[in-house]
file structure_32.cif (mmCIF, C-alpha atoms and all ligand atoms)
data_my_file
#
loop_
_atom_site.label_atom_id
_atom_site.label_comp_id
_atom_site.auth_asym_id
_atom_site.auth_seq_id
_atom_site.Cartn_x
_atom_site.Cartn_y
_atom_site.Cartn_z
CA MET A 1 119.11 111.87 95.33
CA ALA A 2 118.14 108.22 95.62
CA ALA A 3 115.84 107.28 98.49
CA SER A 4 117.35 105.55 101.47
CA ARG A 5 116.50 101.88 101.53
CA ILE A 6 114.59 100.46 104.47
CA ASP A 7 116.38 97.21 105.21
CA GLY A 8 113.56 94.83 106.14
CA LYS A 9 115.96 91.94 106.54
CA ALA A 10 118.00 93.76 109.19
CA ILE A 11 114.92 95.18 110.93
CA ALA A 12 113.29 91.72 111.02
CA ALA A 13 116.52 90.37 112.55
CA ASP A 14 116.29 93.07 115.26
CA VAL A 15 112.69 92.07 115.97
CA ARG A 16 113.76 88.43 116.30
CA VAL A 17 116.57 89.40 118.71
CA ASN A 18 113.97 91.22 120.83
CA VAL A 19 111.65 88.21 120.68
CA ALA A 20 114.48 85.89 121.74
CA SER A 21 115.37 88.05 124.72
CA ALA A 22 111.68 88.32 125.69
CA VAL A 23 111.39 84.52 125.52
CA LYS A 24 114.38 84.16 127.87
CA ALA A 25 112.62 86.38 130.40
CA LEU A 26 109.42 84.28 130.40
CA PRO A 27 108.70 81.60 133.00
CA SER A 28 108.50 78.93 130.27
CA GLN A 29 108.82 78.52 126.52
CA PRO A 30 105.89 79.59 124.32
CA THR A 31 104.79 77.06 121.69
CA LEU A 32 103.76 77.78 118.11
CA ALA A 33 101.88 75.08 116.21
CA VAL A 34 101.96 75.16 112.41
CA ILE A 35 99.51 73.13 110.35
CA LEU A 36 100.41 72.27 106.77
CA VAL A 37 97.83 70.58 104.57
CA GLY A 38 99.20 68.97 101.41
CA GLU A 39 102.60 69.16 99.79
CA ASP A 40 102.70 72.53 98.03
CA PRO A 41 106.48 73.18 97.71
CA ALA A 42 106.22 76.94 98.38
CA SER A 43 104.14 76.30 101.52
CA GLN A 44 106.68 73.70 102.70
CA VAL A 45 109.46 76.29 102.34
CA TYR A 46 107.45 78.88 104.32
CA VAL A 47 106.57 76.38 107.04
CA ASN A 48 110.19 75.21 107.41
CA SER A 49 111.32 78.80 107.66
CA LYS A 50 108.70 79.53 110.33
CA ILE A 51 109.72 76.46 112.35
CA LYS A 52 113.43 77.31 112.10
CA GLN A 53 112.94 80.92 113.18
CA THR A 54 110.58 79.91 116.01
CA GLU A 55 113.21 77.56 117.42
CA GLU A 56 116.04 80.06 116.90
CA CYS A 57 114.09 82.48 119.10
CA GLY A 58 114.00 79.87 121.86
CA MET A 59 110.35 78.85 121.40
CA ARG A 60 108.93 75.38 120.84
CA SER A 61 107.37 74.53 117.52
CA LEU A 62 104.85 71.84 116.77
CA HIS A 63 104.45 70.73 113.17
CA ARG A 64 101.23 69.05 112.06
CA VAL A 65 101.07 67.73 108.50
CA LEU A 66 97.84 66.56 106.90
CA PRO A 67 97.60 64.93 103.47
CA ALA A 68 96.40 66.94 100.47
CA ASN A 69 93.19 64.88 100.45
CA ALA A 70 92.37 65.72 104.08
CA THR A 71 88.73 66.63 104.60
CA GLN A 72 87.45 69.90 106.04
CA ALA A 73 86.43 67.98 109.16
CA GLU A 74 89.94 66.54 109.57
CA VAL A 75 91.55 69.98 109.27
CA GLU A 76 89.10 71.44 111.75
CA ALA A 77 89.60 68.51 114.14
CA GLU A 78 93.36 69.20 114.13
CA ILE A 79 92.66 72.85 114.94
CA ALA A 80 90.27 71.82 117.73
CA ALA A 81 92.94 69.55 119.23
CA LEU A 82 95.48 72.39 119.22
CA ASN A 83 92.91 74.81 120.69
CA ALA A 84 92.40 72.33 123.54
CA ASP A 85 96.12 71.74 124.11
CA ASP A 86 97.12 73.98 126.98
CA GLU A 87 100.79 73.84 125.94
CA VAL A 88 100.02 75.49 122.58
CA ASP A 89 100.09 79.32 122.55
CA GLY A 90 99.78 80.04 118.84
CA ILE A 91 98.18 78.22 115.90
CA LEU A 92 99.07 78.98 112.32
CA LEU A 93 97.22 77.38 109.43
CA GLN A 94 99.49 77.62 106.39
CA LEU A 95 97.59 79.06 103.41
CA PRO A 96 96.54 78.43 100.74
CA LEU A 97 94.74 75.19 101.57
CA PRO A 98 94.38 72.59 98.81
CA LYS A 99 91.42 73.08 96.46
CA GLY A 100 88.10 71.99 97.90
CA LEU A 101 88.90 73.12 101.45
CA ASP A 102 87.32 76.26 102.90
CA SER A 103 90.13 78.29 104.47
CA ASP A 104 87.82 80.96 105.92
CA ALA A 105 85.76 78.34 107.75
CA ALA A 106 88.91 76.60 109.01
CA ILE A 107 90.49 79.86 110.23
CA GLU A 108 87.31 80.64 112.16
CA LYS A 109 87.87 77.48 114.20
CA ILE A 110 91.15 78.85 115.59
CA SER A 111 90.74 80.16 119.12
CA PRO A 112 91.12 83.97 118.91
CA ASP A 113 93.54 83.78 121.84
CA LYS A 114 95.85 81.58 119.74
CA ASP A 115 95.24 83.36 116.42
CA VAL A 116 98.83 84.50 115.85
CA ASP A 117 98.11 85.31 112.19
CA GLY A 118 95.39 87.72 113.35
CA LEU A 119 92.95 86.45 110.73
CA THR A 120 89.87 85.35 112.67
CA GLU A 121 86.75 87.50 112.76
CA ALA A 122 87.36 88.05 116.47
CA SER A 123 90.86 89.40 115.82
CA ALA A 124 89.56 91.61 113.01
CA GLY A 125 86.81 92.89 115.31
CA ARG A 126 89.30 93.66 118.07
CA LEU A 127 91.43 95.58 115.57
CA VAL A 128 88.44 97.64 114.37
CA LEU A 129 87.36 98.32 117.94
CA GLY A 130 90.89 99.22 119.04
CA LYS A 131 90.84 96.46 121.66
CA LEU A 132 93.81 94.35 122.70
CA GLY A 133 94.28 91.47 120.30
CA LEU A 134 96.60 89.76 117.86
CA ARG A 135 97.21 91.86 114.74
CA PRO A 136 97.84 90.48 111.23
CA CYS A 137 101.55 90.01 110.65
CA THR A 138 102.33 91.60 107.27
CA PRO A 139 100.46 94.86 108.05
CA SER A 140 102.15 95.02 111.47
CA GLY A 141 105.46 94.68 109.67
CA CYS A 142 104.57 97.67 107.46
CA VAL A 143 104.00 99.87 110.51
CA ILE A 144 107.29 98.79 112.10
CA LEU A 145 109.17 99.61 108.87
CA ALA A 146 107.51 103.02 108.58
CA LYS A 147 108.48 103.79 112.18
CA ARG A 148 112.06 102.73 111.61
CA ALA A 149 112.22 105.14 108.65
CA LEU A 150 110.34 108.08 110.14
CA GLY A 151 110.48 107.67 113.92
CA ASP A 152 107.91 106.26 116.34
CA ASP A 153 105.45 109.12 116.05
CA LEU A 154 103.57 108.74 112.77
CA SER A 155 100.68 110.95 113.86
CA GLY A 156 99.29 113.24 111.19
CA LYS A 157 101.07 111.45 108.35
CA HIS A 158 98.89 110.86 105.33
CA VAL A 159 99.01 107.16 104.50
CA VAL A 160 97.64 105.87 101.21
CA VAL A 161 97.15 102.08 101.19
CA VAL A 162 96.55 100.77 97.68
CA GLY A 163 94.55 97.56 98.08
CA ARG A 164 91.68 96.63 100.38
CA SER A 165 92.15 92.90 100.94
CA ILE A 166 91.26 91.31 104.26
CA LEU A 167 94.80 89.97 104.56
CA VAL A 168 96.74 93.16 103.90
CA GLY A 169 95.06 96.37 102.74
CA LYS A 170 92.25 96.75 105.30
CA PRO A 171 94.26 95.78 108.39
CA ALA A 172 97.22 97.92 107.24
CA ALA A 173 94.87 100.91 106.97
CA LEU A 174 93.47 100.25 110.47
CA LEU A 175 96.92 99.83 112.00
CA PHE A 176 98.11 103.15 110.54
CA LEU A 177 94.87 104.75 111.75
CA ALA A 178 95.68 103.45 115.24
CA GLU A 179 98.98 105.33 114.91
CA ASN A 180 96.95 108.53 114.37
CA CYS A 181 97.71 108.71 110.67
CA THR A 182 95.23 110.13 108.18
CA VAL A 183 94.44 107.12 106.03
CA THR A 184 93.14 106.76 102.49
CA ILE A 185 92.33 103.31 101.13
CA ALA A 186 92.58 103.12 97.33
CA HIS A 187 91.50 100.17 95.20
CA SER A 188 90.66 99.12 91.65
CA ARG A 189 87.76 101.59 91.40
CA THR A 190 89.70 104.59 92.70
CA LYS A 191 89.70 107.46 90.21
CA ASP A 192 93.03 109.04 89.25
CA LEU A 193 95.02 106.68 91.44
CA ALA A 194 98.32 108.41 90.68
CA ALA A 195 97.01 111.74 92.02
CA VAL A 196 95.64 110.03 95.16
CA CYS A 197 98.97 108.29 95.73
CA ARG A 198 100.89 111.55 95.29
CA GLU A 199 99.08 112.84 98.40
CA ALA A 200 100.79 110.20 100.50
CA ASP A 201 103.51 110.82 103.03
CA ILE A 202 103.55 107.02 103.37
CA LEU A 203 102.52 104.98 100.33
CA VAL A 204 101.68 101.31 100.89
CA PRO A 205 101.16 99.43 97.60
CA ALA A 206 99.38 96.10 98.28
CA VAL A 207 97.95 95.40 94.85
CA GLY A 208 99.54 92.21 93.51
CA ARG A 209 100.44 93.82 90.16
CA PRO A 210 104.14 93.81 89.35
CA GLN A 211 105.73 97.27 89.22
CA MET A 212 102.39 99.01 88.73
CA LEU A 213 103.17 102.11 90.80
CA THR A 214 105.85 104.08 89.01
CA GLY A 215 107.59 107.22 90.20
CA GLU A 216 104.66 109.30 88.98
CA TYR A 217 102.60 107.86 91.87
CA VAL A 218 105.07 109.10 94.48
CA LYS A 219 105.35 112.50 96.17
CA ALA A 220 108.90 113.80 96.49
CA GLY A 221 110.38 112.58 99.77
CA ALA A 222 107.53 110.13 100.55
CA THR A 223 108.10 106.77 102.24
CA VAL A 224 107.17 103.75 100.12
CA ILE A 225 106.41 100.50 101.98
CA ASP A 226 105.93 98.00 99.17
CA VAL A 227 103.93 94.93 100.23
CA GLY A 228 103.80 93.39 96.76
CA ILE A 229 105.74 90.23 96.01
CA ASN A 230 105.47 89.20 92.37
CA ARG A 231 107.58 86.80 90.34
CA ILE A 232 108.33 87.98 86.81
CA ASP A 233 110.36 86.55 83.94
CA ALA A 234 113.98 87.74 83.90
CA PRO A 235 115.43 86.65 80.55
CA GLU A 236 118.39 88.98 81.23
CA ARG A 237 119.43 86.50 83.95
CA GLY A 238 119.34 83.59 81.53
CA GLU A 239 116.78 81.40 79.84
CA GLY A 240 113.81 80.48 82.02
CA LYS A 241 115.02 82.67 84.91
CA SER A 242 112.72 84.82 87.02
CA ARG A 243 113.02 87.41 89.75
CA LEU A 244 110.88 88.97 92.48
CA VAL A 245 109.55 92.51 92.17
CA GLY A 246 107.18 94.62 94.19
CA ASP A 247 104.01 96.47 93.24
CA ALA A 248 106.09 99.65 93.00
CA GLU A 249 108.59 100.08 90.19
CA PHE A 250 111.69 100.37 92.31
CA SER A 251 114.02 102.32 90.02
CA SER A 252 111.62 105.16 89.18
CA CYS A 253 110.19 105.37 92.74
CA GLU A 254 113.66 105.34 94.28
CA ASN A 255 114.52 108.59 92.51
CA ILE A 256 111.57 110.41 94.06
CA ALA A 257 110.87 108.79 97.44
CA GLY A 258 112.72 109.67 100.64
CA HIS A 259 112.64 106.08 101.94
CA ILE A 260 111.71 102.88 100.15
CA THR A 261 111.59 99.15 100.89
CA PRO A 262 113.26 96.86 98.38
CA VAL A 263 111.63 93.66 97.11
CA PRO A 264 112.85 91.19 98.16
CA GLY A 265 114.23 92.23 101.54
CA GLY A 266 111.60 94.76 102.60
CA VAL A 267 108.17 93.84 103.99
CA GLY A 268 108.63 90.10 103.26
CA PRO A 269 111.01 89.24 106.14
CA MET A 270 108.85 91.21 108.59
CA THR A 271 105.92 88.83 108.31
CA ILE A 272 107.53 85.91 110.15
CA ALA A 273 109.21 88.26 112.64
CA CYS A 274 105.76 89.66 113.56
CA LEU A 275 104.37 86.12 113.79
CA LEU A 276 107.03 85.31 116.41
CA GLN A 277 106.23 88.53 118.25
CA ASN A 278 102.54 87.58 118.24
CA THR A 279 103.36 84.15 119.67
CA VAL A 280 105.04 85.81 122.67
CA LEU A 281 102.06 88.17 123.09
CA ALA A 282 99.59 85.27 122.85
CA ALA A 283 101.54 83.25 125.42
CA CYS A 284 101.67 86.20 127.84
CA ALA A 285 97.96 86.97 127.47
CA ARG A 286 96.86 83.32 127.88
CA ARG A 287 99.15 82.54 130.78
CA GLY A 288 98.78 85.83 132.64
CA TRP A 289 102.45 86.78 132.25
CA SER A 290 103.47 90.40 131.82
CA VAL A 291 105.04 91.09 128.44
CA PRO A 292 108.82 91.57 128.84
CA ASP A 293 110.14 94.98 127.62
P1 LIG B 1 94.54 90.77 96.73
O1 LIG B 1 94.56 90.31 95.32
O2 LIG B 1 93.70 90.05 97.72
O3 LIG B 1 94.10 92.31 96.77
C1 LIG B 1 94.60 93.22 95.85
C2 LIG B 1 93.98 94.56 96.06
O4 LIG B 1 94.53 95.44 95.09
C3 LIG B 1 92.46 94.59 95.90
O5 LIG B 1 91.88 95.32 96.94
C4 LIG B 1 92.26 95.27 94.56
O6 LIG B 1 91.13 96.14 94.50
C5 LIG B 1 93.48 96.14 94.45
N1 LIG B 1 93.81 96.37 93.05
C6 LIG B 1 93.96 95.46 92.06
N2 LIG B 1 94.24 96.06 90.90
C7 LIG B 1 94.25 97.38 91.14
C8 LIG B 1 94.46 98.51 90.35
N3 LIG B 1 94.71 98.41 89.04
N4 LIG B 1 94.41 99.72 90.92
C9 LIG B 1 94.17 99.85 92.25
N5 LIG B 1 93.95 98.80 93.06
C10 LIG B 1 93.99 97.58 92.52
O7 LIG B 1 96.08 90.79 97.19
P2 LIG B 1 96.71 90.76 98.67
O8 LIG B 1 96.24 91.92 99.43
O9 LIG B 1 96.59 89.41 99.25
O10 LIG B 1 98.26 90.95 98.31
C11 LIG B 1 98.73 92.14 97.71
C12 LIG B 1 100.20 91.97 97.39
O11 LIG B 1 100.90 91.75 98.60
C13 LIG B 1 100.54 90.77 96.51
O12 LIG B 1 101.64 91.13 95.67
C14 LIG B 1 100.99 89.71 97.49
O13 LIG B 1 101.89 88.79 96.91
C15 LIG B 1 101.67 90.56 98.51
N6 LIG B 1 101.75 89.96 99.85
C16 LIG B 1 102.93 90.06 100.50
C17 LIG B 1 103.06 89.55 101.76
C18 LIG B 1 104.38 89.72 102.44
O14 LIG B 1 104.72 88.98 103.33
N7 LIG B 1 105.16 90.74 102.09
C19 LIG B 1 101.98 88.85 102.46
C20 LIG B 1 100.73 88.91 101.72
C21 LIG B 1 100.63 89.42 100.46
P3 LIG B 1 89.60 95.62 94.50
O15 LIG B 1 89.33 95.26 95.92
O16 LIG B 1 88.86 96.79 94.03
O17 LIG B 1 89.57 94.43 93.58
#

call {"tool": "encode", "arguments": {"input": "structure_32.cif", "output": "structure tokens", "more": "lines below"}}
Ligand code: NDP
result
Amino acid sequence: MAASRIDGKAIAADVRVNVASAVKALPSQPTLAVILVGEDPASQVYVNSKIKQTEECGMRSLHRVLPANATQAEVEAEIAALNADDEVDGILLQLPLPKGLDSDAAIEKISPDKDVDGLTEASAGRLVLGKLGLRPCTPSGCVILAKRALGDDLSGKHVVVVGRSILVGKPAALLFLAENCTVTIAHSRTKDLAAVCREADILVPAVGRPQMLTGEYVKAGATVIDVGINRIDAPERGEGKSRLVGDAEFSSCENIAGHITPVPGGVGPMTIACLLQNTVLAACARRGWSVPD
């Protein structure tokens, strides 16, 4: 029997509805500031989408655009100005930055209290220590999707995260650990990856290799939360056409898994939804408001 599909688009829409009703219950509107450096078309699309969804949830958005030849000092000065602006609750630096700019150094300038992407060292430290803080968005989305498939109590589930990046793999592993899962982190040096993956009740491919994990990596009935987003050629759709695929090979995994996220429409839509959720949390923490239910 084919796995049931976890509809990330619908679940992200639910999260946004909750964010919008939380915003209505707050004493004033939270504000998310987005900084875009340069004119990368994909980044422009992401930024526009973030601004639109922020405003649809009833929050204010501030858009700061710097030219592609902006210096490191100029980018950091913009961040410093937003850190100092009491109206601003969340700061998002759209990545990647143009060549020559140091994104790690720039991210470090974001006040941890406004770090709605959860990428500063302070946020990472709070995650490791299990302290209150803003969690990275894509990994948070993975946990929400797993809970929607399996119920809120994930304790004791064996999670195998394939990938150990700072952005996805490591924080995803820590977030599942915080849910009392038993977590294995696999990576490019893992021996017999397929056998390791077949141990998973919840398999989280975050590799960046199109369709690498076939059905032979999946235990019967397991939940597959596919973080990968890869564009591949699709000549069957016409000359020069392409399509998006995950790191799991959907058709073979679907026959074995119990639940699976599609790509697109799985983890992808959750990232912005979790960013909006983080903006509400950041506003509440900074302004001393209690978080609406
Ligand atoms: P990175 O390239 O930073 O990390 C990839 C990880 O996969 C590394 O830890 C690497 O191991 C591991 N890896 C690579 N090849 C293999 C292999 N053959 N076997 C086992 N492990 C391997 O990628 P990201 O973490 O940034 O992104 C991962 C995927 O998630 C990408 O497809 C990306 O597009 C997608 N993504 C999706 C988002 C969303 O919103 N849904 C957001 C962010 C990313 P090692 O450390 O040993 O090199």

call {"tool": "residues_near_ligand", "arguments": {"input": "structure_32.cif", "ligand": "ligand LIG 1 (chain B)", "cutoff": "7 Å", "atoms": "only C-alpha atoms and all ligand atoms", "output": "PyMOL selection string"}}
result
chain A and resi 138+162-169+186-190+193+206-209+227-230+246-247+267-269+271

call {"tool": "write_last_selection", "arguments": {"input": "structure_32.cif", "atoms": "C-alpha atoms", "output": "PDB file, in the coordinates of the input"}}
result
ATOM      1  CA  THR A 138     102.330  91.600 107.270  1.00  0.00           C
ATOM      2  CA  VAL A 162      96.550 100.770  97.680  1.00  0.00           C
ATOM      3  CA  GLY A 163      94.550  97.560  98.080  1.00  0.00           C
ATOM      4  CA  ARG A 164      91.680  96.630 100.380  1.00  0.00           C
ATOM      5  CA  SER A 165      92.150  92.900 100.940  1.00  0.00           C
ATOM      6  CA  ILE A 166      91.260  91.310 104.260  1.00  0.00           C
ATOM      7  CA  LEU A 167      94.800  89.970 104.560  1.00  0.00           C
ATOM      8  CA  VAL A 168      96.740  93.160 103.900  1.00  0.00           C
ATOM      9  CA  GLY A 169      95.060  96.370 102.740  1.00  0.00           C
ATOM     10  CA  ALA A 186      92.580 103.120  97.330  1.00  0.00           C
ATOM     11  CA  HIS A 187      91.500 100.170  95.200  1.00  0.00           C
ATOM     12  CA  SER A 188      90.660  99.120  91.650  1.00  0.00           C
ATOM     13  CA  ARG A 189      87.760 101.590  91.400  1.00  0.00           C
ATOM     14  CA  THR A 190      89.700 104.590  92.700  1.00  0.00           C
ATOM     15  CA  LEU A 193      95.020 106.680  91.440  1.00  0.00           C
ATOM     16  CA  ALA A 206      99.380  96.100  98.280  1.00  0.00           C
ATOM     17  CA  VAL A 207      97.950  95.400  94.850  1.00  0.00           C
ATOM     18  CA  GLY A 208      99.540  92.210  93.510  1.00  0.00           C
ATOM     19  CA  ARG A 209     100.440  93.820  90.160  1.00  0.00           C
ATOM     20  CA  VAL A 227     103.930  94.930 100.230  1.00  0.00           C
ATOM     21  CA  GLY A 228     103.800  93.390  96.760  1.00  0.00           C
ATOM     22  CA  ILE A 229     105.740  90.230  96.010  1.00  0.00           C
ATOM     23  CA  ASN A 230     105.470  89.200  92.370  1.00  0.00           C
ATOM     24  CA  GLY A 246     107.180  94.620  94.190  1.00  0.00           C
ATOM     25  CA  ASP A 247     104.010  96.470  93.240  1.00  0.00           C
ATOM     26  CA  VAL A 267     108.170  93.840 103.990  1.00  0.00           C
ATOM     27  CA  GLY A 268     108.630  90.100 103.260  1.00  0.00           C
ATOM     28  CA  PRO A 269     111.010  89.240 106.140  1.00  0.00           C
ATOM     29  CA  THR A 271     105.920  88.830 108.310  1.00  0.00           C
TER      30      THR A 271
END

call {"tool": "atom_distance", "arguments": {"input": "structure_32.cif", "atom1": "atom CA of Ser103 of chain A", "atom2": "atom CA of Arg231 of chain A"}}
result
24.0 Å

call {"tool": "closest_residue", "arguments": {"input": "structure_32.cif", "among": "A:Leu145, A:Leu93, A:Cys253, A:Leu175", "to": "Lys9 of chain A", "atoms": "only C-alpha atoms"}}
result
A:Leu145

call {"tool": "closest_residue", "arguments": {"input": "structure_32.cif", "among": "A:Val34, A:Ala106, A:Ile51, A:Ala12", "to": "Ala77 of chain A", "atoms": "all atoms listed in the file"}}
result
A:Ala106

call {"tool": "residues_near_point", "arguments": {"input": "structure_32.cif", "point": "(99.8, 110.0, 111.6)", "cutoff": "12 Å", "atoms": "only C-alpha atoms", "output": "ChimeraX atom specification"}}
result
/A:143,146-147,150-160,173-184,200-202

call {"tool": "residues_around", "arguments": {"input": "structure_32.cif", "residues": "Thr54 of chain A", "least_positions_apart": "3", "cutoff": "10 Å", "atoms": "all atoms listed in the file", "output": "PyMOL selection string"}}
result
chain A and resi 16+19-20+30-33+48-51+57-62+272-273+275-277+279

call {"tool": "write_last_selection", "arguments": {"input": "structure_32.cif", "atoms": "C-alpha atoms", "output": "PDB file, keeping the file's coordinate frame"}}
result
ATOM      1  CA  ARG A  16     113.760  88.430 116.300  1.00  0.00           C
ATOM      2  CA  VAL A  19     111.650  88.210 120.680  1.00  0.00           C
ATOM      3  CA  ALA A  20     114.480  85.890 121.740  1.00  0.00           C
ATOM      4  CA  PRO A  30     105.890  79.590 124.320  1.00  0.00           C
ATOM      5  CA  THR A  31     104.790  77.060 121.690  1.00  0.00           C
ATOM      6  CA  LEU A  32     103.760  77.780 118.110  1.00  0.00           C
ATOM      7  CA  ALA A  33     101.880  75.080 116.210  1.00  0.00           C
ATOM      8  CA  ASN A  48     110.190  75.210 107.410  1.00  0.00           C
ATOM      9  CA  SER A  49     111.320  78.800 107.660  1.00  0.00           C
ATOM     10  CA  LYS A  50     108.700  79.530 110.330  1.00  0.00           C
ATOM     11  CA  ILE A  51     109.720  76.460 112.350  1.00  0.00           C
ATOM     12  CA  CYS A  57     114.090  82.480 119.100  1.00  0.00           C
ATOM     13  CA  GLY A  58     114.000  79.870 121.860  1.00  0.00           C
ATOM     14  CA  MET A  59     110.350  78.850 121.400  1.00  0.00           C
ATOM     15  CA  ARG A  60     108.930  75.380 120.840  1.00  0.00           C
ATOM     16  CA  SER A  61     107.370  74.530 117.520  1.00  0.00           C
ATOM     17  CA  LEU A  62     104.850  71.840 116.770  1.00  0.00           C
ATOM     18  CA  ILE A 272     107.530  85.910 110.150  1.00  0.00           C
ATOM     19  CA  ALA A 273     109.210  88.260 112.640  1.00  0.00           C
ATOM     20  CA  LEU A 275     104.370  86.120 113.790  1.00  0.00           C
ATOM     21  CA  LEU A 276     107.030  85.310 116.410  1.00  0.00           C
ATOM     22  CA  GLN A 277     106.230  88.530 118.250  1.00  0.00           C
ATOM     23  CA  THR A 279     103.360  84.150 119.670  1.00  0.00           C
TER      24      THR A 279
END

call {"tool": "residues_around", "arguments": {"input": "structure_32.cif", "residues": "Leu213 of chain A", "least_positions_apart": "4", "cutoff": "8 Å", "atoms": "all atoms listed in the file", "output": "PDB file with C-alpha atoms, in the frame of the given file"}}
result
ATOM      1  CA  ALA A 194      98.320 108.410  90.680  1.00  0.00           C
ATOM      2  CA  PRO A 205     101.160  99.430  97.600  1.00  0.00           C
ATOM      3  CA  TYR A 217     102.600 107.860  91.870  1.00  0.00           C
ATOM      4  CA  ASP A 247     104.010  96.470  93.240  1.00  0.00           C
ATOM      5  CA  ALA A 248     106.090  99.650  93.000  1.00  0.00           C
ATOM      6  CA  GLU A 249     108.590 100.080  90.190  1.00  0.00           C
ATOM      7  CA  CYS A 253     110.190 105.370  92.740  1.00  0.00           C
TER       8      CYS A 253
END

call {"tool": "residues_around", "arguments": {"input": "structure_32.cif", "residues": "Ile79 of chain A", "least_positions_apart": "5", "cutoff": "12 Å", "atoms": "only C-alpha atoms", "output": "PDB file with C-alpha atoms, in the frame of the given file"}}
result
ATOM      1  CA  ALA A  33     101.880  75.080 116.210  1.00  0.00           C
ATOM      2  CA  VAL A  34     101.960  75.160 112.410  1.00  0.00           C
ATOM      3  CA  ILE A  35      99.510  73.130 110.350  1.00  0.00           C
ATOM      4  CA  LEU A  36     100.410  72.270 106.770  1.00  0.00           C
ATOM      5  CA  VAL A  37      97.830  70.580 104.570  1.00  0.00           C
ATOM      6  CA  ARG A  64     101.230  69.050 112.060  1.00  0.00           C
ATOM      7  CA  VAL A  65     101.070  67.730 108.500  1.00  0.00           C
ATOM      8  CA  LEU A  66      97.840  66.560 106.900  1.00  0.00           C
ATOM      9  CA  GLN A  72      87.450  69.900 106.040  1.00  0.00           C
ATOM     10  CA  ALA A  73      86.430  67.980 109.160  1.00  0.00           C
ATOM     11  CA  GLU A  74      89.940  66.540 109.570  1.00  0.00           C
ATOM     12  CA  ALA A  84      92.400  72.330 123.540  1.00  0.00           C
ATOM     13  CA  ASP A  85      96.120  71.740 124.110  1.00  0.00           C
ATOM     14  CA  VAL A  88     100.020  75.490 122.580  1.00  0.00           C
ATOM     15  CA  GLY A  90      99.780  80.040 118.840  1.00  0.00           C
ATOM     16  CA  ILE A  91      98.180  78.220 115.900  1.00  0.00           C
ATOM     17  CA  LEU A  92      99.070  78.980 112.320  1.00  0.00           C
ATOM     18  CA  LEU A  93      97.220  77.380 109.430  1.00  0.00           C
ATOM     19  CA  GLN A  94      99.490  77.620 106.390  1.00  0.00           C
ATOM     20  CA  ALA A 105      85.760  78.340 107.750  1.00  0.00           C
ATOM     21  CA  ALA A 106      88.910  76.600 109.010  1.00  0.00           C
ATOM     22  CA  ILE A 107      90.490  79.860 110.230  1.00  0.00           C
ATOM     23  CA  GLU A 108      87.310  80.640 112.160  1.00  0.00           C
ATOM     24  CA  LYS A 109      87.870  77.480 114.200  1.00  0.00           C
ATOM     25  CA  ILE A 110      91.150  78.850 115.590  1.00  0.00           C
ATOM     26  CA  SER A 111      90.740  80.160 119.120  1.00  0.00           C
ATOM     27  CA  PRO A 112      91.120  83.970 118.910  1.00  0.00           C
ATOM     28  CA  LYS A 114      95.850  81.580 119.740  1.00  0.00           C
ATOM     29  CA  ASP A 115      95.240  83.360 116.420  1.00  0.00           C
TER      30      ASP A 115
END

call {"tool": "atom_distance", "arguments": {"input": "structure_32.cif", "atom1": "atom CA of Pro264 of chain A", "atom2": "atom CA of Arg198 of chain A"}}
result
23.8 Å

call {"tool": "atom_distance", "arguments": {"input": "structure_32.cif", "atom1": "atom CA of Glu76 of chain A", "atom2": "atom CA of Glu39 of chain A"}}
result
18.2 Å

call {"tool": "closest_residue", "arguments": {"input": "structure_32.cif", "among": "A:Val75, A:Ala68, A:Ala222, A:Ile185", "to": "Ala257 of chain A", "atoms": "all atoms listed in the file"}}
result
A:Ala222

call {"tool": "closest_residue", "arguments": {"input": "structure_32.cif", "among": "A:Asp89, A:Glu199, A:Asp117, A:Glu239", "to": "Ala283 of chain A", "atoms": "only C-alpha atoms"}}
result
A:Asp89

call {"tool": "closest_residue", "arguments": {"input": "structure_32.cif", "among": "A:Glu56, A:Ala282, A:Thr261, A:Thr223", "to": "Lys24 of chain A", "atoms": "all atoms listed in the file"}}
result
A:Glu56
